[in-house]
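Step one of this worksheet: look at the structure below.
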Amino acid sequence: MRRASYQRGSLRLRRHTGGEQVWEYRWRETQLDGSRTRRATIIGSFEEYPNESIAQGAVDALRLTINQQTPRQQVQNIGVETLVNHYREHEMPDVFYRNHPKPESDSEEVVRKTYGTQDTYEGYLKKWILPRWRSYRIQEVKAVAVEKWLATLPLERGSRAKIRNIMSALYSHAIRWEWTDRNPITSVRQSAKRLKVPVILTVEEINALLTELPEPIRTCVLLDASTGLRVGELLGLQWQDVDFENLEIHIRRSVVKQKIGAPKTEASAKPIPLDVELAEVLLNLKQSSRYSTPGDWVFASSATKGKQPYWPGTLNRVYLRAASKAAGIQKHIGWHTFRHTFGTLLAANGENPKVVQELLRHSNFKVTADTYLQAVGEQKRSAQTKLVRMILPGKQAVG
C-alpha cells in the first residue's frame with residue numbers, strides 16, 4: 001500500500017469575482033477509488049491577511065485536517081496558533097466562518113457551543129491566549145509556566161479560570177485529533193472563587209429605576225427583573241413567544257451581537273411563567289407598538305425599522321446609566337444584575353431552592369446556590385434572631 005505523503009499544498013493570491021483580491025489554497029484530495037482530485041478553497045481576502053506569512057498561518061489549520069491520515073510524527077510539531085485556528089474551524093464555526101460561508105460538509109447535527117459562548121472564547125483567544133502562547137509548539141507548553149502566567153493577569157479569578165478552561169479545551173481537541181497524548185492544563189491550579197460579590201438591587205431601587213425609564217425600556221427592565229432572563233434571551237423574544245392565553249413565555253432563541261442562536265442549554269429552553277399583571281404590561285406594549293406581528297421582536301429597535309432588537313450595550317449606555325444616576329443609585333448596574341437580583345429576592349422570600357433553580361433555568365442547583373443566591377440583610381438577621389431565641393434561657397423562638 002502506498003504510504004500517504006504530507007501535503008503542504010499551495011497558496012496564491014488571485015482576483016475573485018467582483019475584483020477583490022483573495023488568498024486561494026489548493027491541494028489534492030484522495031478519492032475512494034484511490035485517484036486524486038485537485039481541490040481549492042478561499043482562505044480570506046487580502047484585507048484580512050495582508051501578507052503571505054499571515055495567510056499561511058490561517059492555512060495551517062486546514063492543512064492539518066487535510067493531512068489527518070498521515071503518520072503522526074509528521075504533524076507532531078504543531079504550533080499553538082495552528083491548534084487555535086483548527087479549534088476555531090471545528091468547534092467555533094459560527095465565529096470562524098463569520099465572514100465566509102460554511103463548507104457544505106459542516107454537520108448541523110453536531111452539538112455546538114452557542115454563538116455567545118463562541119464569541120466569548122474568541123475574545124479570550126485573541127486578547128490573552130494567542131499573544132502569550134502563539135509562538136510555542138503544543139509540546140512546549142508546561143503547567144507551571146501557564147499557572148505563573150495566569151497569576152500575573154489583571155483579571156478576576158473567574159476570568160483567569162475561564163482562560164485555563166479554554167486552554168484545556170484546546171488540548172482536549174489536540175488529543176481527539178491524535179496530535180498529543182497529554183493535556184498539561186489539567187495540572188494548572190486556578191481558583192474561580194469570586195473576589196467581588198455580585199451587585200444586587202433592592203425592591204426600592206428597582207422601583208426607583210423604573211420610574212426614570214421611558215417605554216419600551218421600562219417594560220424591558222421590568223420583564224428582566226421579574227423573570228431573570230439572560231439579556232440575549234430577553235432581547236431575542238418575539239411576540240409569538242409570549243403565550244397570553246396560558247400565561248407563559250417560551251424561550252426559543254438568544255440574540256448575541258445581533259446573531260440569532262439557540263438558548264444556552266437544554267434547561268434554558270424551558271418555558272417560564274408569566275404573571276397576570278406582567279402579562280397586562282406586555283399586552284399594553286404590544287398594542288402600542290409599531291411592530292406587533294407574531295414574528296416581530298418584542299423590543300424591536302426603531303433605528304432598524306424593527307428588523308433587529310435593541311443592542312444591550314446601547315440600552316445600558318443610553319438609558320440604564322442615566323436612569324440609575326437620576327434615581328440616586330450608586331451601584332454599577334449591568335443586565336446580569338437583574339438576573340442575580342431575581343434569584344436573591346426569590347431566596348429572600350423563602351421560595352423552595354428547587355423552584356429558584358427552575359425559574360433561573362439552571363442545569364444543576366450548585367450553579368444557582370454558588371453564583372446567584374445571596375442572603376440579604378434582613379434575611380440573615382431573622383435567621384440569627386431565631387437561633388438566639390432558641391439558645392437564650394427564657395426567650396421564646398420566633399416564627
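By order in the C-alpha cells, chains are A, B, ...; within a chain, residues start at 1; ligands start at 1, following the order shown.
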Using DSSP assignments from the backbone, pull out every residue in segment 14-221 of chain A that falls under alpha helix (DSSP H) and give it to me as number ranges by chain.
A: 52-66, 80-91, 93-96, 115-124, 130-133, 143-152, 157-176, 203-211, 217-221
Selection above as a file: C-alpha atoms, as a PDB file, in the first residue's frame:
```pdb
ATOM      1  CA  GLU A  52       1.590  35.623   2.667  1.00  0.00           C
ATOM      2  CA  SER A  53       3.084  34.813   6.058  1.00  0.00           C
ATOM      3  CA  ILE A  54      -0.161  35.718   7.850  1.00  0.00           C
ATOM      4  CA  ALA A  55      -2.215  33.850   5.248  1.00  0.00           C
ATOM      5  CA  GLN A  56      -0.023  30.753   5.710  1.00  0.00           C
ATOM      6  CA  GLY A  57      -0.817  30.827   9.414  1.00  0.00           C
ATOM      7  CA  ALA A  58      -4.526  30.638   8.584  1.00  0.00           C
ATOM      8  CA  VAL A  59      -3.862  27.773   6.169  1.00  0.00           C
ATOM      9  CA  ASP A  60      -2.031  25.674   8.780  1.00  0.00           C
ATOM     10  CA  ALA A  61      -5.266  24.592  10.478  1.00  0.00           C
ATOM     11  CA  LEU A  62      -6.784  23.464   7.170  1.00  0.00           C
ATOM     12  CA  ARG A  63      -3.551  21.688   6.271  1.00  0.00           C
ATOM     13  CA  LEU A  64      -3.814  19.638   9.480  1.00  0.00           C
ATOM     14  CA  THR A  65      -7.287  18.437   8.524  1.00  0.00           C
ATOM     15  CA  ILE A  66      -6.144  17.504   5.010  1.00  0.00           C
ATOM     16  CA  VAL A  80      -0.339  26.670  19.463  1.00  0.00           C
ATOM     17  CA  GLU A  81      -1.568  29.203  16.893  1.00  0.00           C
ATOM     18  CA  THR A  82      -2.255  26.415  14.399  1.00  0.00           C
ATOM     19  CA  LEU A  83      -4.092  24.438  17.070  1.00  0.00           C
ATOM     20  CA  VAL A  84      -6.192  27.509  17.910  1.00  0.00           C
ATOM     21  CA  ASN A  85      -7.143  28.026  14.259  1.00  0.00           C
ATOM     22  CA  HIS A  86      -8.067  24.365  13.887  1.00  0.00           C
ATOM     23  CA  TYR A  87     -10.160  24.543  17.074  1.00  0.00           C
ATOM     24  CA  ARG A  88     -11.900  27.646  15.763  1.00  0.00           C
ATOM     25  CA  GLU A  89     -12.722  25.931  12.493  1.00  0.00           C
ATOM     26  CA  HIS A  90     -14.196  22.793  14.067  1.00  0.00           C
ATOM     27  CA  GLU A  91     -15.560  23.933  17.444  1.00  0.00           C
ATOM     28  CA  PRO A  93     -17.627  27.579  13.192  1.00  0.00           C
ATOM     29  CA  ASP A  94     -20.090  30.444  13.672  1.00  0.00           C
ATOM     30  CA  VAL A  95     -17.181  32.722  14.572  1.00  0.00           C
ATOM     31  CA  PHE A  96     -14.593  31.145  12.265  1.00  0.00           C
ATOM     32  CA  TYR A 115     -22.796  31.861  19.361  1.00  0.00           C
ATOM     33  CA  GLY A 116     -22.431  33.825  22.591  1.00  0.00           C
ATOM     34  CA  THR A 117     -20.048  31.235  24.041  1.00  0.00           C
ATOM     35  CA  GLN A 118     -18.063  31.074  20.792  1.00  0.00           C
ATOM     36  CA  ASP A 119     -17.779  34.846  20.739  1.00  0.00           C
ATOM     37  CA  THR A 120     -16.590  34.873  24.371  1.00  0.00           C
ATOM     38  CA  TYR A 121     -13.965  32.218  23.599  1.00  0.00           C
ATOM     39  CA  GLU A 122     -12.798  34.239  20.599  1.00  0.00           C
ATOM     40  CA  GLY A 123     -12.271  37.264  22.805  1.00  0.00           C
ATOM     41  CA  TYR A 124     -10.102  35.336  25.275  1.00  0.00           C
ATOM     42  CA  LEU A 130      -2.548  33.898  21.454  1.00  0.00           C
ATOM     43  CA  PRO A 131      -0.414  36.943  22.377  1.00  0.00           C
ATOM     44  CA  ARG A 132       1.353  34.844  25.042  1.00  0.00           C
ATOM     45  CA  TRP A 133       1.494  31.342  23.542  1.00  0.00           C
ATOM     46  CA  ALA A 143       1.609  23.570  33.500  1.00  0.00           C
ATOM     47  CA  VAL A 144       3.772  25.593  35.912  1.00  0.00           C
ATOM     48  CA  ALA A 145       4.507  28.240  33.262  1.00  0.00           C
ATOM     49  CA  VAL A 146       0.784  28.610  32.495  1.00  0.00           C
ATOM     50  CA  GLU A 147      -0.039  28.816  36.200  1.00  0.00           C
ATOM     51  CA  LYS A 148       2.530  31.576  36.815  1.00  0.00           C
ATOM     52  CA  TRP A 149       1.330  33.471  33.749  1.00  0.00           C
ATOM     53  CA  LEU A 150      -2.318  33.351  34.884  1.00  0.00           C
ATOM     54  CA  ALA A 151      -1.290  34.795  38.247  1.00  0.00           C
ATOM     55  CA  THR A 152       0.101  37.903  36.513  1.00  0.00           C
ATOM     56  CA  ARG A 157     -10.284  34.852  39.299  1.00  0.00           C
ATOM     57  CA  GLY A 158     -13.316  33.782  37.311  1.00  0.00           C
ATOM     58  CA  SER A 159     -11.835  35.207  34.094  1.00  0.00           C
ATOM     59  CA  ARG A 160      -8.492  33.538  34.739  1.00  0.00           C
ATOM     60  CA  ALA A 161     -10.295  30.263  35.350  1.00  0.00           C
ATOM     61  CA  LYS A 162     -12.119  30.747  32.049  1.00  0.00           C
ATOM     62  CA  ILE A 163      -8.777  31.161  30.239  1.00  0.00           C
ATOM     63  CA  ARG A 164      -7.492  27.989  31.910  1.00  0.00           C
ATOM     64  CA  ASN A 165     -10.599  26.081  30.805  1.00  0.00           C
ATOM     65  CA  ILE A 166     -10.314  27.320  27.211  1.00  0.00           C
ATOM     66  CA  MET A 167      -6.659  26.237  27.066  1.00  0.00           C
ATOM     67  CA  SER A 168      -7.662  22.845  28.450  1.00  0.00           C
ATOM     68  CA  ALA A 169     -10.327  22.576  25.731  1.00  0.00           C
ATOM     69  CA  LEU A 170      -7.654  23.292  23.109  1.00  0.00           C
ATOM     70  CA  TYR A 171      -5.549  20.390  24.354  1.00  0.00           C
ATOM     71  CA  SER A 172      -8.565  18.089  24.555  1.00  0.00           C
ATOM     72  CA  HIS A 173      -9.138  18.960  20.899  1.00  0.00           C
ATOM     73  CA  ALA A 174      -5.493  18.107  20.095  1.00  0.00           C
ATOM     74  CA  ILE A 175      -5.829  14.765  21.903  1.00  0.00           C
ATOM     75  CA  ARG A 176      -9.016  13.982  19.986  1.00  0.00           C
ATOM     76  CA  VAL A 203     -37.011  46.305  45.545  1.00  0.00           C
ATOM     77  CA  GLU A 204     -36.957  50.047  46.271  1.00  0.00           C
ATOM     78  CA  GLU A 205     -34.024  50.572  43.905  1.00  0.00           C
ATOM     79  CA  ILE A 206     -35.761  48.633  41.133  1.00  0.00           C
ATOM     80  CA  ASN A 207     -38.892  50.779  41.538  1.00  0.00           C
ATOM     81  CA  ALA A 208     -36.816  53.973  41.527  1.00  0.00           C
ATOM     82  CA  LEU A 209     -35.026  52.853  38.373  1.00  0.00           C
ATOM     83  CA  LEU A 210     -38.293  52.018  36.589  1.00  0.00           C
ATOM     84  CA  THR A 211     -39.716  55.491  37.243  1.00  0.00           C
ATOM     85  CA  ILE A 217     -37.085  50.285  28.010  1.00  0.00           C
ATOM     86  CA  ARG A 218     -39.116  50.384  31.219  1.00  0.00           C
ATOM     87  CA  THR A 219     -41.016  47.229  30.265  1.00  0.00           C
ATOM     88  CA  CYS A 220     -37.774  45.619  29.127  1.00  0.00           C
ATOM     89  CA  VAL A 221     -36.165  46.172  32.560  1.00  0.00           C
TER      90      VAL A 221
END
```
Show which residues sit within 7 Å of segment 232-237 of chain A, as a CSV table (one decimal) with N, CA and C atoms, in the first residue's frame. Count only C-alpha atoms, and ignore same-chain residues fewer than 5 positions away.
```csv
chain,number,residue,atom,x,y,z
A,224,ASP,N,-37.2,41.8,32.7
A,224,ASP,CA,-35.9,41.2,33.1
A,224,ASP,C,-35.8,41.0,34.6
A,251,ILE,N,-38.9,30.3,25.6
A,251,ILE,CA,-37.5,30.8,25.2
A,251,ILE,C,-37.0,29.9,24.1
A,253,ARG,N,-34.9,31.3,21.4
A,253,ARG,CA,-33.7,31.8,20.8
A,253,ARG,C,-32.9,32.7,21.7
A,254,SER,N,-31.7,33.0,21.4
A,254,SER,CA,-30.9,34.0,22.1
A,254,SER,C,-30.2,34.8,21.0
A,255,VAL,N,-30.2,36.2,21.2
A,255,VAL,CA,-29.6,37.1,20.3
A,255,VAL,C,-28.3,37.7,20.9
A,256,VAL,N,-27.2,37.4,20.3
A,256,VAL,CA,-25.9,37.9,20.8
A,256,VAL,C,-25.2,38.6,19.7
A,297,TRP,N,-40.0,41.5,16.9
A,297,TRP,CA,-39.3,41.5,18.1
A,297,TRP,C,-40.1,42.2,19.2
A,298,VAL,N,-40.2,41.7,20.4
A,298,VAL,CA,-40.9,42.4,21.5
A,298,VAL,C,-40.2,43.7,21.7
A,299,PHE,N,-38.9,43.8,21.7
A,299,PHE,CA,-38.2,45.0,22.0
A,299,PHE,C,-37.4,45.4,20.7
A,309,PRO,N,-33.6,43.6,17.2
A,309,PRO,CA,-33.9,44.1,18.5
A,309,PRO,C,-32.9,45.1,19.0
A,310,TYR,N,-33.1,45.7,20.1
A,310,TYR,CA,-32.1,46.7,20.6
A,310,TYR,C,-30.8,46.0,20.9
```
- Suppose you want the space between atom CA of Thr202 of chain A and atom CA of Leu282 of chain A; what is it in Å?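 Atom CA of Leu282 of chain A lies at a distance of 23.0 Å from atom CA of Thr202 of chain A.
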One decimal place gives the atom CA of Lys264 of chain A-atom CA of Glu156 of chain A separation as 23.0 Å
Review point. What's the 7 Å shell around Ala267 of chain A, counting only C-alpha atoms, without same-chain residues fewer than 4 positions away, as a PyMOL selection string?
Key: chain A and resi 361-363
Using C-alpha atoms, can you export the residues from the last selection as a compact mmCIF listing (two decimals), in the first residue's frame?
```txt
# COMPACT_ATOMS: atom_id res chain seq x y z
CA ARG A 361 -33.31 27.51 34.34
CA HIS A 362 -30.01 26.16 35.60
CA SER A 363 -29.00 22.58 34.79
```
Using only C-alpha atoms, the best pick from A:Arg252, A:Leu283, A:Val231, A:Trp177 as closest to Ala269 of chain A would be A:Arg252
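Among the candidate residues A:Ile138, A:Val356, A:Val281, A:Leu13, the one lying nearest to Asn183 of chain A is A:Ile138, with distances computed using only C-alpha atoms.
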